[in-house]
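Peer 1: Sharing a structure here in structure tokens format.
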Amino acid sequence: LPSVVSAGIGMLCCAEDLGLVPDVVPGVMGNLGLLGLRIERMPCAHEEDFVDDDVEEDDRNHIFREMGLNIDAREFGSLSRYPYLSVCSPSCHDASPFRLWLEEDFARRNRYEEHLNLLVRVGRTTAPPPRMHAQDPSDALADSSEALAVSGLARDVIWNHLCAPSALAVFPLQDVLAMRVEPYGSRPPATELINDPSNPEHYWRYRVLQSVESLCSDVRLTDEMDRLVRESGRDAAGGSMGRDEE
């Protein structure tokens, strides 16, 4: 690995360090300048949460209960405390895309919404800027209010990741499209799953229904993403917020 990193080929290396990893791994990665991977819903064992370090974890959970929140300090990652040498993303090819993840466990979804609200309350994140275009769900949607709620959550998640200190914020296309109810929200979320690691018979057959030209010409989508990128400070001129703060 050191020979690959020092080969002078200009490759930026990222390690998949999710889950339980040996204690030596973070130090080795730091010495080699490797980017770590951070998935908000899959916090790694050595990841910091969003509460002050001098508060014990049991005390943190007690604080949350006193606030009327049914959440755990370690269930979700704390984007605001991600290291600069990391890549953050709301999901990956081995995880459910955001819309499907919300459907899979409604109790978990409620805890996640409480988590997002708490981040704003304790100043770990800010609300995203207003939408540039109004949403107009069609009558064909079974539940337009739910579709709008999911769309709003997806937009919050994209914004929070863009504001994270990580050097790179990378998004599966499904999670970006989830910001728009129409025409993308009518697709069954289960069809957006790329890989199911628990199923050896699962085929990687996800396809985007729209052409590249159609996506690029969707100004309601591109304007929205452009505004979030610019106002988060990740545009080409501003660079990463995390780097500017160092």
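Letters A, B, ... mark the chains of the structure tokens in the order given; residue numbers begin at 1 per chain; ligand numbers begin at 1, in order shown.
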Which residues, written as a PyMOL selection string, have at least one atom at most 8 Å from stretch 9-25 of chain A, with only C-alpha atoms counted and residues fewer than 6 positions away on the same chain left out?
Peer 2: chain A and resi 34-39+42-46+86-87
Peer 1: Please measure the separation of atom CA of A:Arg187 and atom CA of A:Arg108, giving the value in Å to one decimal.
Peer 2: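 Separation between atom CA of A:Arg187 and atom CA of A:Arg108: 22.4 Å.
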Peer 1: Pick out the residues sitting within 9 Å of A:Leu168, and hand them over as a short mmCIF file (atom, residue, chain, number, x, y, z; two decimals) with C-alpha atoms, in the first residue's frame; count only C-alpha atoms, and ignore anything fewer than 5 positions along from it in its own chain.
Peer 2:
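As a result, around-v4.cif now contains:
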```cif
data_model
loop_
_atom_site.label_atom_id
_atom_site.label_comp_id
_atom_site.auth_asym_id
_atom_site.auth_seq_id
_atom_site.Cartn_x
_atom_site.Cartn_y
_atom_site.Cartn_z
CA TYR A 84 -10.98 16.53 6.53
CA LEU A 85 -9.29 13.37 5.23
CA SER A 86 -12.57 11.60 4.49
CA VAL A 87 -15.23 11.05 1.86
CA CYS A 88 -18.77 11.49 3.14
CA SER A 89 -21.90 10.09 1.51
CA LEU A 162 -22.11 19.29 1.52
CA SER A 240 -14.29 22.69 0.86
#
```
Peer 1: Between A:His161, A:Arg180, A:Arg99, A:Arg155, which residue has the minimum interatomic distance to A:Glu192, considering only C-alpha atoms?
Peer 2: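 Ranked by minimum distance to A:Glu192, first place goes to A:Arg99.
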Peer 1: DSSP on the backbone: which residues in stretch 78-237 of chain A end up as strand (DSSP E or B)? Give the answer as a ChimeraX atom specification.
Peer 2: /A:86-89,168-169
Peer 1: Enter the distance from atom CA of A:Arg121 to atom CA of A:Tyr82, in Å, rounded to one decimal.
Peer 2: 18.8 Å
Peer 1: Which residue, A:Val208, A:Ala169, A:Ala107, A:Ala134, has the smallest gap to A:Glu224 when you use only C-alpha atoms?
Peer 2: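 Using only C-alpha atoms, the shortest distance to A:Glu224 belongs to A:Ala134.
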Peer 1: Excluding A:Asp196 and any residue of its chain fewer than 4 positions from it, enumerate the residues within 8 Å of it, using only C-alpha atoms, and give them as a ChimeraX atom specification.
Peer 2: /A:94-95,200,202
Peer 1: Would you export the selected residues with N, CA, C and O atoms as a PDB file, in the first residue's frame, please?
Peer 2:
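What follows is the written file part30.pdb:
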```
ATOM      1  N   ASP A  94     -23.642  -0.715  -1.571  1.00  0.00           N
ATOM      2  CA  ASP A  94     -23.996  -1.853  -0.719  1.00  0.00           C
ATOM      3  C   ASP A  94     -25.069  -1.503   0.309  1.00  0.00           C
ATOM      4  O   ASP A  94     -25.366  -2.321   1.190  1.00  0.00           O
ATOM      5  N   ALA A  95     -25.631  -0.330   0.233  1.00  0.00           N
ATOM      6  CA  ALA A  95     -26.658   0.107   1.185  1.00  0.00           C
ATOM      7  C   ALA A  95     -27.912   0.535   0.421  1.00  0.00           C
ATOM      8  O   ALA A  95     -27.861   0.841  -0.770  1.00  0.00           O
ATOM      9  N   PRO A 200     -26.971 -13.625  -2.317  1.00  0.00           N
ATOM     10  CA  PRO A 200     -25.958 -14.007  -3.312  1.00  0.00           C
ATOM     11  C   PRO A 200     -26.509 -14.100  -4.737  1.00  0.00           C
ATOM     12  O   PRO A 200     -25.741 -14.131  -5.699  1.00  0.00           O
ATOM     13  N   HIS A 202     -28.532 -11.792  -5.986  1.00  0.00           N
ATOM     14  CA  HIS A 202     -28.925 -10.459  -6.435  1.00  0.00           C
ATOM     15  C   HIS A 202     -28.049 -10.008  -7.609  1.00  0.00           C
ATOM     16  O   HIS A 202     -26.839 -10.172  -7.602  1.00  0.00           O
TER      17      HIS A 202
END
```
